[in-house]
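Student: Sharing model02.pdb here; it has PDB, C-alpha atoms, pLDDT in the B column.
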ATOM      1  CA  MET A  41     -48.825  98.497 -88.244  1.00 45.00           C
ATOM      2  CA  ARG A  42     -49.813  99.689 -91.707  1.00 45.00           C
ATOM      3  CA  VAL A  43     -47.353  97.192 -93.213  1.00 42.00           C
ATOM      4  CA  ALA A  44     -49.033  94.323 -91.354  1.00 46.00           C
ATOM      5  CA  PHE A  45     -52.438  95.483 -92.645  1.00 41.00           C
ATOM      6  CA  LEU A  46     -51.160  95.709 -96.225  1.00 42.00           C
ATOM      7  CA  PHE A  47     -49.526  92.283 -95.972  1.00 46.00           C
ATOM      8  CA  SER A  48     -52.746  90.757 -94.575  1.00 48.00           C
ATOM      9  CA  THR A  49     -54.729  92.356 -97.390  1.00 44.00           C
ATOM     10  CA  ALA A  50     -52.308  90.984 -99.983  1.00 49.00           C
ATOM     11  CA  VAL A  51     -52.587  87.487 -98.477  1.00 47.00           C
ATOM     12  CA  ALA A  52     -56.381  87.714 -98.538  1.00 43.00           C
ATOM     13  CA  CYS A  53     -56.291  88.729-102.216  1.00 41.00           C
ATOM     14  CA  LEU A  54     -53.968  85.840-103.042  1.00 43.00           C
ATOM     15  CA  ALA A  55     -56.298  83.455-101.249  1.00 42.00           C
ATOM     16  CA  ALA A  56     -59.201  84.696-103.324  1.00 36.00           C
ATOM     17  CA  ILE A  57     -57.396  83.954-106.577  1.00 35.00           C
ATOM     18  CA  GLY A  58     -55.724  80.725-105.422  1.00 40.00           C
ATOM     19  CA  GLY A  59     -52.183  82.109-105.436  1.00 40.00           C
ATOM     20  CA  TYR A  60     -51.044  80.388-102.273  1.00 38.00           C
ATOM     21  CA  SER A  61     -51.686  77.308-100.207  1.00 37.00           C
ATOM     22  CA  VAL A  62     -52.424  77.057 -96.518  1.00 38.00           C
ATOM     23  CA  GLY A  63     -50.944  74.070 -94.723  1.00 37.00           C
ATOM     24  CA  SER A  64     -52.082  72.557 -91.470  1.00 38.00           C
ATOM     25  CA  SER A  65     -50.051  75.150 -89.553  1.00 44.00           C
ATOM     26  CA  GLN A  66     -51.751  77.994 -91.464  1.00 55.00           C
ATOM     27  CA  ALA A  67     -48.469  79.020 -93.064  1.00 61.00           C
ATOM     28  CA  VAL A  68     -48.444  81.182 -96.144  1.00 75.00           C
ATOM     29  CA  GLN A  69     -46.698  79.593 -99.111  1.00 71.00           C
ATOM     30  CA  LEU A  70     -46.823  81.140-102.556  1.00 71.00           C
ATOM     31  CA  GLN A  71     -46.996  79.016-105.701  1.00 72.00           C
ATOM     32  CA  ASP A  72     -43.282  79.575-106.295  1.00 79.00           C
ATOM     33  CA  GLY A  73     -42.590  77.936-102.906  1.00 76.00           C
ATOM     34  CA  THR A  74     -41.763  81.098-100.961  1.00 87.00           C
ATOM     35  CA  VAL A  75     -42.753  80.727 -97.293  1.00 90.00           C
ATOM     36  CA  TYR A  76     -43.952  83.708 -95.218  1.00 89.00           C
ATOM     37  CA  PHE A  77     -44.938  84.205 -91.605  1.00 94.00           C
ATOM     38  CA  VAL A  78     -48.715  84.694 -91.255  1.00 93.00           C
ATOM     39  CA  GLN A  79     -48.069  87.097 -88.363  1.00 95.00           C
ATOM     40  CA  PRO A  80     -44.429  88.214 -88.332  1.00 94.00           C
ATOM     41  CA  PRO A  81     -42.260  88.263 -85.215  1.00 97.00           C
ATOM     42  CA  SER A  82     -41.527  91.579 -83.534  1.00 98.00           C
ATOM     43  CA  LEU A  83     -38.316  93.091 -82.249  1.00 98.00           C
ATOM     44  CA  GLU A  84     -38.995  93.912 -78.603  1.00 97.00           C
ATOM     45  CA  GLY A  85     -35.732  95.740 -78.019  1.00 97.00           C
ATOM     46  CA  ALA A  86     -31.946  95.822 -77.926  1.00 98.00           C
ATOM     47  CA  GLU A  87     -29.676  96.499 -74.978  1.00 98.00           C
ATOM     48  CA  THR A  88     -26.059  96.201 -73.942  1.00 97.00           C
ATOM     49  CA  THR A  89     -24.437  95.348 -70.633  1.00 97.00           C
ATOM     50  CA  TYR A  90     -21.906  98.201 -71.071  1.00 96.00           C
ATOM     51  CA  ASN A  91     -22.370 101.302 -73.179  1.00 94.00           C
ATOM     52  CA  ASP A  92     -18.936 102.856 -72.666  1.00 95.00           C
ATOM     53  CA  ILE A  93     -16.574 102.947 -75.646  1.00 95.00           C
ATOM     54  CA  TYR A  94     -13.481 100.687 -75.614  1.00 92.00           C
ATOM     55  CA  VAL A  95     -15.038  98.283 -73.082  1.00 93.00           C
ATOM     56  CA  TRP A  96     -14.193  94.589 -73.277  1.00 94.00           C
ATOM     57  CA  GLY A  97     -16.650  91.938 -72.063  1.00 94.00           C
ATOM     58  CA  ALA A  98     -19.929  93.553 -73.133  1.00 97.00           C
ATOM     59  CA  THR A  99     -22.908  91.580 -74.422  1.00 98.00           C
ATOM     60  CA  TYR A 100     -25.489  92.893 -76.883  1.00 98.00           C
ATOM     61  CA  TYR A 101     -29.007  91.485 -76.432  1.00 98.00           C
ATOM     62  CA  PHE A 102     -31.784  91.436 -79.041  1.00 98.00           C
ATOM     63  CA  THR A 103     -35.235  90.309 -77.862  1.00 98.00           C
ATOM     64  CA  ILE A 104     -37.672  88.877 -80.432  1.00 98.00           C
ATOM     65  CA  ASN A 105     -41.271  87.829 -79.874  1.00 97.00           C
ATOM     66  CA  LEU A 106     -42.667  85.120 -82.168  1.00 96.00           C
ATOM     67  CA  PRO A 107     -46.472  85.314 -81.803  1.00 96.00           C
ATOM     68  CA  GLU A 108     -48.745  82.283 -81.397  1.00 95.00           C
ATOM     69  CA  ASN A 109     -50.335  82.973 -84.801  1.00 95.00           C
ATOM     70  CA  ALA A 110     -46.997  83.244 -86.673  1.00 95.00           C
ATOM     71  CA  GLY A 111     -47.989  80.213 -88.757  1.00 93.00           C
ATOM     72  CA  GLU A 112     -44.357  79.105 -89.020  1.00 94.00           C
ATOM     73  CA  PRO A 113     -41.493  78.573 -86.596  1.00 96.00           C
ATOM     74  CA  LEU A 114     -38.437  80.827 -86.572  1.00 97.00           C
ATOM     75  CA  GLN A 115     -35.501  79.224 -88.404  1.00 97.00           C
ATOM     76  CA  ARG A 116     -32.988  82.019 -88.834  1.00 97.00           C
ATOM     77  CA  VAL A 117     -32.256  85.576 -87.696  1.00 98.00           C
ATOM     78  CA  THR A 118     -29.864  88.074 -89.248  1.00 98.00           C
ATOM     79  CA  ILE A 119     -28.510  91.100 -87.421  1.00 98.00           C
ATOM     80  CA  ASN A 120     -26.939  93.734 -89.652  1.00 98.00           C
ATOM     81  CA  GLN A 121     -24.907  96.672 -88.376  1.00 97.00           C
ATOM     82  CA  HIS A 122     -26.615  99.361 -90.397  1.00 94.00           C
ATOM     83  CA  GLU A 123     -25.209 102.488 -88.789  1.00 91.00           C
ATOM     84  CA  GLY A 124     -22.239 103.362 -86.594  1.00 87.00           C
ATOM     85  CA  VAL A 125     -18.737 104.591 -87.337  1.00 87.00           C
ATOM     86  CA  ASP A 126     -16.794 101.534 -86.110  1.00 91.00           C
ATOM     87  CA  ARG A 127     -17.199  98.055 -87.543  1.00 93.00           C
ATOM     88  CA  ILE A 128     -18.002  95.816 -84.613  1.00 95.00           C
ATOM     89  CA  HIS A 129     -16.343  92.388 -84.597  1.00 94.00           C
ATOM     90  CA  TYR A 130     -17.838  89.475 -82.660  1.00 96.00           C
ATOM     91  CA  GLU A 131     -16.725  86.368 -80.822  1.00 96.00           C
ATOM     92  CA  LEU A 132     -19.043  84.058 -82.803  1.00 96.00           C
ATOM     93  CA  LYS A 133     -18.353  81.031 -80.591  1.00 96.00           C
ATOM     94  CA  ASP A 134     -19.842  82.957 -77.646  1.00 96.00           C
ATOM     95  CA  THR A 135     -23.130  83.737 -79.422  1.00 97.00           C
ATOM     96  CA  SER A 136     -26.159  82.270 -77.651  1.00 97.00           C
ATOM     97  CA  ALA A 137     -29.936  82.415 -77.564  1.00 97.00           C
ATOM     98  CA  THR A 138     -32.364  81.724 -74.746  1.00 96.00           C
ATOM     99  CA  GLU A 139     -36.118  81.355 -74.519  1.00 93.00           C
ATOM    100  CA  ARG A 140     -38.197  82.800 -71.732  1.00 77.00           C
ATOM    101  CA  GLY A 141     -40.567  80.151 -70.463  1.00 61.00           C
ATOM    102  CA  GLY A 142     -43.192  79.874 -67.740  1.00 58.00           C
ATOM    103  CA  SER A 143     -42.285  81.507 -64.415  1.00 60.00           C
ATOM    104  CA  ASN A 144     -39.661  83.510 -66.349  1.00 63.00           C
ATOM    105  CA  LYS A 145     -37.404  80.444 -66.488  1.00 68.00           C
ATOM    106  CA  LYS A 146     -34.884  80.566 -69.308  1.00 80.00           C
ATOM    107  CA  HIS A 147     -33.500  77.733 -71.338  1.00 90.00           C
ATOM    108  CA  LYS A 148     -30.799  77.787 -73.960  1.00 93.00           C
ATOM    109  CA  LEU A 149     -31.753  77.306 -77.612  1.00 96.00           C
ATOM    110  CA  ALA A 150     -29.597  75.193 -79.919  1.00 95.00           C
ATOM    111  CA  LEU A 151     -27.828  77.077 -82.684  1.00 97.00           C
ATOM    112  CA  LYS A 152     -26.911  75.053 -85.755  1.00 94.00           C
ATOM    113  CA  ASP A 153     -24.855  77.780 -87.339  1.00 94.00           C
ATOM    114  CA  VAL A 154     -23.570  81.273 -86.532  1.00 97.00           C
ATOM    115  CA  THR A 155     -21.816  83.147 -89.324  1.00 97.00           C
ATOM    116  CA  ASN A 156     -20.475  86.634 -89.908  1.00 96.00           C
ATOM    117  CA  ASP A 157     -20.344  88.338 -93.291  1.00 95.00           C
ATOM    118  CA  ARG A 158     -17.826  91.089 -92.553  1.00 90.00           C
ATOM    119  CA  LYS A 159     -18.407  92.756 -95.932  1.00 93.00           C
ATOM    120  CA  THR A 160     -22.114  93.353 -95.202  1.00 95.00           C
ATOM    121  CA  ARG A 161     -21.660  93.567 -91.389  1.00 94.00           C
ATOM    122  CA  THR A 162     -24.245  90.808 -90.928  1.00 97.00           C
ATOM    123  CA  ILE A 163     -24.411  88.079 -88.281  1.00 98.00           C
ATOM    124  CA  SER A 164     -26.653  85.124 -89.189  1.00 98.00           C
ATOM    125  CA  LEU A 165     -27.955  82.625 -86.597  1.00 97.00           C
ATOM    126  CA  THR A 166     -29.735  79.386 -87.531  1.00 97.00           C
ATOM    127  CA  PHE A 167     -31.794  77.590 -84.890  1.00 97.00           C
ATOM    128  CA  ASP A 168     -31.848  73.783 -84.733  1.00 95.00           C
ATOM    129  CA  PRO A 169     -34.622  72.933 -84.180  1.00 96.00           C
ATOM    130  CA  PRO A 170     -36.553  76.035 -85.310  1.00 96.00           C
ATOM    131  CA  VAL A 171     -38.224  78.048 -82.535  1.00 96.00           C
ATOM    132  CA  PRO A 172     -41.979  77.304 -82.375  1.00 95.00           C
ATOM    133  CA  PRO A 173     -44.559  80.118 -82.417  1.00 95.00           C
ATOM    134  CA  GLY A 174     -45.603  81.641 -79.118  1.00 94.00           C
ATOM    135  CA  ARG A 175     -42.085  82.142 -77.800  1.00 94.00           C
ATOM    136  CA  THR A 176     -39.939  85.096 -76.812  1.00 96.00           C
ATOM    137  CA  ILE A 177     -36.237  84.695 -77.420  1.00 96.00           C
ATOM    138  CA  LYS A 178     -33.194  86.718 -76.454  1.00 97.00           C
ATOM    139  CA  ILE A 179     -30.105  86.603 -78.652  1.00 98.00           C
ATOM    140  CA  ALA A 180     -26.756  87.422 -77.016  1.00 98.00           C
ATOM    141  CA  LEU A 181     -23.877  88.657 -79.189  1.00 98.00           C
ATOM    142  CA  LYS A 182     -20.416  89.116 -77.685  1.00 97.00           C
ATOM    143  CA  PRO A 183     -18.353  91.835 -79.377  1.00 97.00           C
ATOM    144  CA  GLU A 184     -14.577  91.603 -79.225  1.00 96.00           C
ATOM    145  CA  GLN A 185     -14.857  95.084 -77.678  1.00 95.00           C
ATOM    146  CA  ASN A 186     -17.277  98.000 -77.794  1.00 96.00           C
ATOM    147  CA  PRO A 187     -16.763 100.594 -80.529  1.00 96.00           C
ATOM    148  CA  THR A 188     -13.963 103.124 -80.081  1.00 95.00           C
ATOM    149  CA  VAL A 189     -16.088 105.937 -81.495  1.00 95.00           C
ATOM    150  CA  PRO A 190     -19.114 107.065 -79.431  1.00 95.00           C
ATOM    151  CA  GLY A 191     -22.552 107.459 -80.964  1.00 95.00           C
ATOM    152  CA  VAL A 192     -25.670 105.610 -82.034  1.00 97.00           C
ATOM    153  CA  TYR A 193     -25.260 102.188 -83.632  1.00 97.00           C
ATOM    154  CA  LEU A 194     -28.264 100.706 -85.442  1.00 98.00           C
ATOM    155  CA  PHE A 195     -28.704  96.989 -86.072  1.00 98.00           C
ATOM    156  CA  GLY A 196     -31.306  95.793 -88.577  1.00 98.00           C
ATOM    157  CA  VAL A 197     -32.967  92.549 -87.454  1.00 98.00           C
ATOM    158  CA  THR A 198     -34.610  90.181 -89.957  1.00 98.00           C
ATOM    159  CA  ALA A 199     -36.412  86.886 -89.189  1.00 98.00           C
ATOM    160  CA  PHE A 200     -36.851  83.912 -91.538  1.00 97.00           C
ATOM    161  CA  PRO A 201     -39.226  80.925 -91.365  1.00 96.00           C
ATOM    162  CA  PRO A 202     -37.934  77.474 -92.427  1.00 94.00           C
ATOM    163  CA  GLY A 203     -37.759  76.536 -96.075  1.00 88.00           C
ATOM    164  CA  GLU A 204     -35.473  76.717 -99.064  1.00 86.00           C
ATOM    165  CA  LYS A 205     -37.335  79.831-100.234  1.00 87.00           C
ATOM    166  CA  SER A 206     -38.220  81.645 -97.038  1.00 92.00           C
ATOM    167  CA  HIS A 207     -39.118  85.328 -97.050  1.00 91.00           C
ATOM    168  CA  GLY A 208     -37.172  87.358 -94.521  1.00 95.00           C
ATOM    169  CA  GLN A 209     -39.333  89.703 -92.474  1.00 96.00           C
ATOM    170  CA  PHE A 210     -37.523  92.891 -91.429  1.00 98.00           C
ATOM    171  CA  LEU A 211     -38.400  93.485 -87.761  1.00 98.00           C
ATOM    172  CA  GLY A 212     -36.828  96.899 -87.285  1.00 98.00           C
ATOM    173  CA  TYR A 213     -33.683  98.399 -85.844  1.00 98.00           C
ATOM    174  CA  GLY A 214     -32.111  97.628 -82.502  1.00 98.00           C
ATOM    175  CA  ARG A 215     -30.495 100.826 -81.226  1.00 98.00           C
ATOM    176  CA  LEU A 216     -27.427 100.861 -79.003  1.00 97.00           C
ATOM    177  CA  GLN A 217     -25.773 104.091 -77.859  1.00 97.00           C
ATOM    178  CA  PHE A 218     -22.146 104.186 -76.798  1.00 96.00           C
ATOM    179  CA  TYR A 219     -20.636 107.015 -74.765  1.00 95.00           C
ATOM    180  CA  SER A 220     -17.179 108.360 -73.998  1.00 91.00           C
ATOM    181  CA  LEU A 221     -16.424 108.749 -70.320  1.00 75.00           C
ATOM    182  CA  HIS A 222     -14.753 112.079 -71.141  1.00 64.00           C
ATOM    183  CA  ASP A 223     -17.789 113.696 -72.844  1.00 55.00           C
TER     184      ASP A 223
END
Output the file's structure as C-alpha cells, nothing else.
Tutor:
Amino acid sequence: MRVAFLFSTAVACLAAIGGYSVGSSQAVQLQDGTVYFVQPPSLEGAETTYNDIYVWGATYYFTINLPENAGEPLQRVTINQHEGVDRIHYELKDTSATERGGSNKKHKLALKDVTNDRKTRTISLTFDPPVPPGRTIKIALKPEQNPTVPGVYLFGVTAFPPGEKSHGQFLGYGRLQFYSLHD
C-alpha cells in the first residue's frame, strides 16, 4: 500500500499549492483536467471455470472492488494479457459484468462498448452508466477456447474514472494457470 500512501501524499501537496480542485463528490481533478480516483479500486481476484488447455466454453472472471471513498464512479476497465505463450481470443459479444448487491443478489451491468486491440492483447469495457462507488463487480470474459500451451497467464487490469482525461489506475495482475491433462 506504499503506492496509495505516496499518491495520497502527492494529492495533499497539490491541495496545499492549489494544483487541483475538489468537486462535490471529492474527486481529484488536476488543473489540466485529468481526473483521478481519490481511493482507487482494487482487483480482488481472477478465476476461470476450466483450467485445462484446449477447453471450449470456459469463462474468465475478474472481480473488482470500487470503495465507497473512490470519489469517482468506474467508467472503463482494460484487461491486458501481459504474459502467456498463446494469444487468447475472445467472444466479445458474450462479455458481461455483474454487481453483487445486498443479500448477495447479482444484477447485470450495462456495457456501452467492448473492444479488443489484438496488437496489444487488450480488452476494453465501458460501463453505461458508470458504476458508482461502494460496489463490487465481476467481469466475465468468454475465450474462444483456453490456451493450447499450459502455464501461467497474467492479465493486467486497469480502471478509469469518467472524463475525457481520466487517469487509469493499474490494479494489478489477475493470474490464471492452465494445465495439460497429460502432465
Student: Need the shell around Ala137 (chain A): protein/DNA/RNA residues with any atom at most 6 Å away, counting all atoms listed in the file. Skip same-chain ones fewer than 2 positions apart. Format as a ChimeraX atom specification?
Tutor: /A:148-149,178-180
Student: Next, dump the selected residues to file, keeping only C-alpha atoms, as a tab-separated table (two decimals), in the frame of the given file.
Tutor:
chain	number	residue	atom	x	y	z
A	148	LYS	CA	-30.80	77.79	-73.96
A	149	LEU	CA	-31.75	77.31	-77.61
A	178	LYS	CA	-33.19	86.72	-76.45
A	179	ILE	CA	-30.10	86.60	-78.65
A	180	ALA	CA	-26.76	87.42	-77.02
Student: Can you pull out the residues contacting Gly174 (chain A)? Cut-off 10 Å, using all atoms listed in the file, and skip same-chain residues under 6 positions away; I want them as a count of residues only.
Tutor: 8
Student: Hey, what's within 8 Å of region 199-209 of chain A if we count only C-alpha atoms and toss same-chain stuff fewer than 5 positions away? As an MDAnalysis selection string, please?
Tutor: chainID A and resid 73:77 80:81 112:118 170
Student: For each of A:Leu221, A:Val95, A:Leu132, A:Ala150, take the minimum atom-to-atom distance to Ile177 (chain A), counting all atoms listed in the file, then give the residue where this is smallest.
Tutor: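 With all atoms listed in the file as the atom set, the closest residue is A:Ala150.
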Student: Output the residue selection produced by the PyMOL selection byres ((chain A and resi 214) around 12) on the file above, formatted as a ChimeraX atom specification.
Tutor: /A:82-88,100-104,118-123,179,192-198,210-213,215-217
Student: With all atoms listed in the file as the atoms that count, which of A:Lys159, A:Asp126, A:Arg175, A:Glu139 lies nearest to Tyr94 (chain A)?
Tutor: A:Asp126
Student: Please, what distance in Å, to one decimal, runs between CA of Pro173 (chain A) and CA of Thr135 (chain A)?
Tutor: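 Computing the Euclidean distance for CA of Pro173 (chain A) and CA of Thr135 (chain A) yields 21.9 Å.
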Student: Please return, as a PyMOL selection string, all polymer residues that have at least one atom within 8 Å of the point (-27.5, 75.4, -84.9); use only C-alpha atoms and the file's own coordinate frame.
Tutor: chain A and resi 150-154+165-169
Student: With distances taken over all atoms listed in the file, which of A:Gln69, A:Asn186, A:Ser220, A:Thr155 is nearest to Lys133 (chain A)?
Tutor: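 Between A:Gln69, A:Asn186, A:Ser220, A:Thr155, the residue approaching Lys133 (chain A) most closely is A:Thr155.
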Student: Between CA of Gly111 (chain A) and CA of Ser136 (chain A), what is the distance in Å, rounded to a tenth?
Tutor: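 Going from CA of Gly111 (chain A) over to CA of Ser136 (chain A), I get 24.6 Å.
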Student: Have a look at CA of Thr176 (chain A) and CA of Ile163 (chain A) and let me know their distance in Å, one decimal.
Tutor: 19.5 Å
Student: Show me, as a list in words, the residues that have an atom within 7 Å of Ile93 (chain A) when counting all atoms listed in the file, minus same-chain residues fewer than 4 positions from it.
Tutor: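 Returned residues: Asn186, Pro187, Thr188, Val189, Pro190, Phe218, Tyr219 and Ser220 of chain A.
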Student: For those residues, write C-alpha atoms to a file as a short mmCIF file (atom, residue, chain, number, x, y, z; two decimals), in the coordinates of the input.
Tutor:
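Dumped to result_13.cif:
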data_model
loop_
_atom_site.label_atom_id
_atom_site.label_comp_id
_atom_site.auth_asym_id
_atom_site.auth_seq_id
_atom_site.Cartn_x
_atom_site.Cartn_y
_atom_site.Cartn_z
CA ASN A 186 -17.28 98.00 -77.79
CA PRO A 187 -16.76 100.59 -80.53
CA THR A 188 -13.96 103.12 -80.08
CA VAL A 189 -16.09 105.94 -81.50
CA PRO A 190 -19.11 107.06 -79.43
CA PHE A 218 -22.15 104.19 -76.80
CA TYR A 219 -20.64 107.02 -74.76
CA SER A 220 -17.18 108.36 -74.00
#
Student: Using all atoms listed in the file, pick whichever of A:Gly191, A:Gly124, A:Pro172, A:Pro183 has the shortest atom-to-atom distance to Trp96 (chain A).
Tutor: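 Answer, going by the shortest atom-to-atom distance: A:Pro183.
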Student: Excluding Lys182 (chain A) and any residue of its chain fewer than 4 positions from it, enumerate the residues within 6 Å of it, using all atoms listed in the file, and give them as a PyMOL selection string.
Tutor: chain A and resi 99+130-131
Student: Work out where the centre of an axis-aligned box around every listed atom of region 205-214 of chain A lies and how long its edges are once 6 Å is added on each side; give both in Å to one decimal as JSON.
Tutor:
{"center_x": -35.7, "center_y": 89.1, "center_z": -91.4, "size_x": 19.2, "size_y": 30.6, "size_z": 29.7}
Student: Tell me which of A:Ala98, A:Tyr90, A:Ile128, A:Thr138 sits closest to Asn156 (chain A), counting all atoms listed in the file.
Tutor: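 Selected residue with least distance to Asn156 (chain A): A:Ile128.
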Student: Using only C-alpha atoms, which of the listed residues (A:Gln79, A:Gln71, A:Thr89, A:Ser164) sits closest to Gln185 (chain A)?
Tutor: A:Thr89
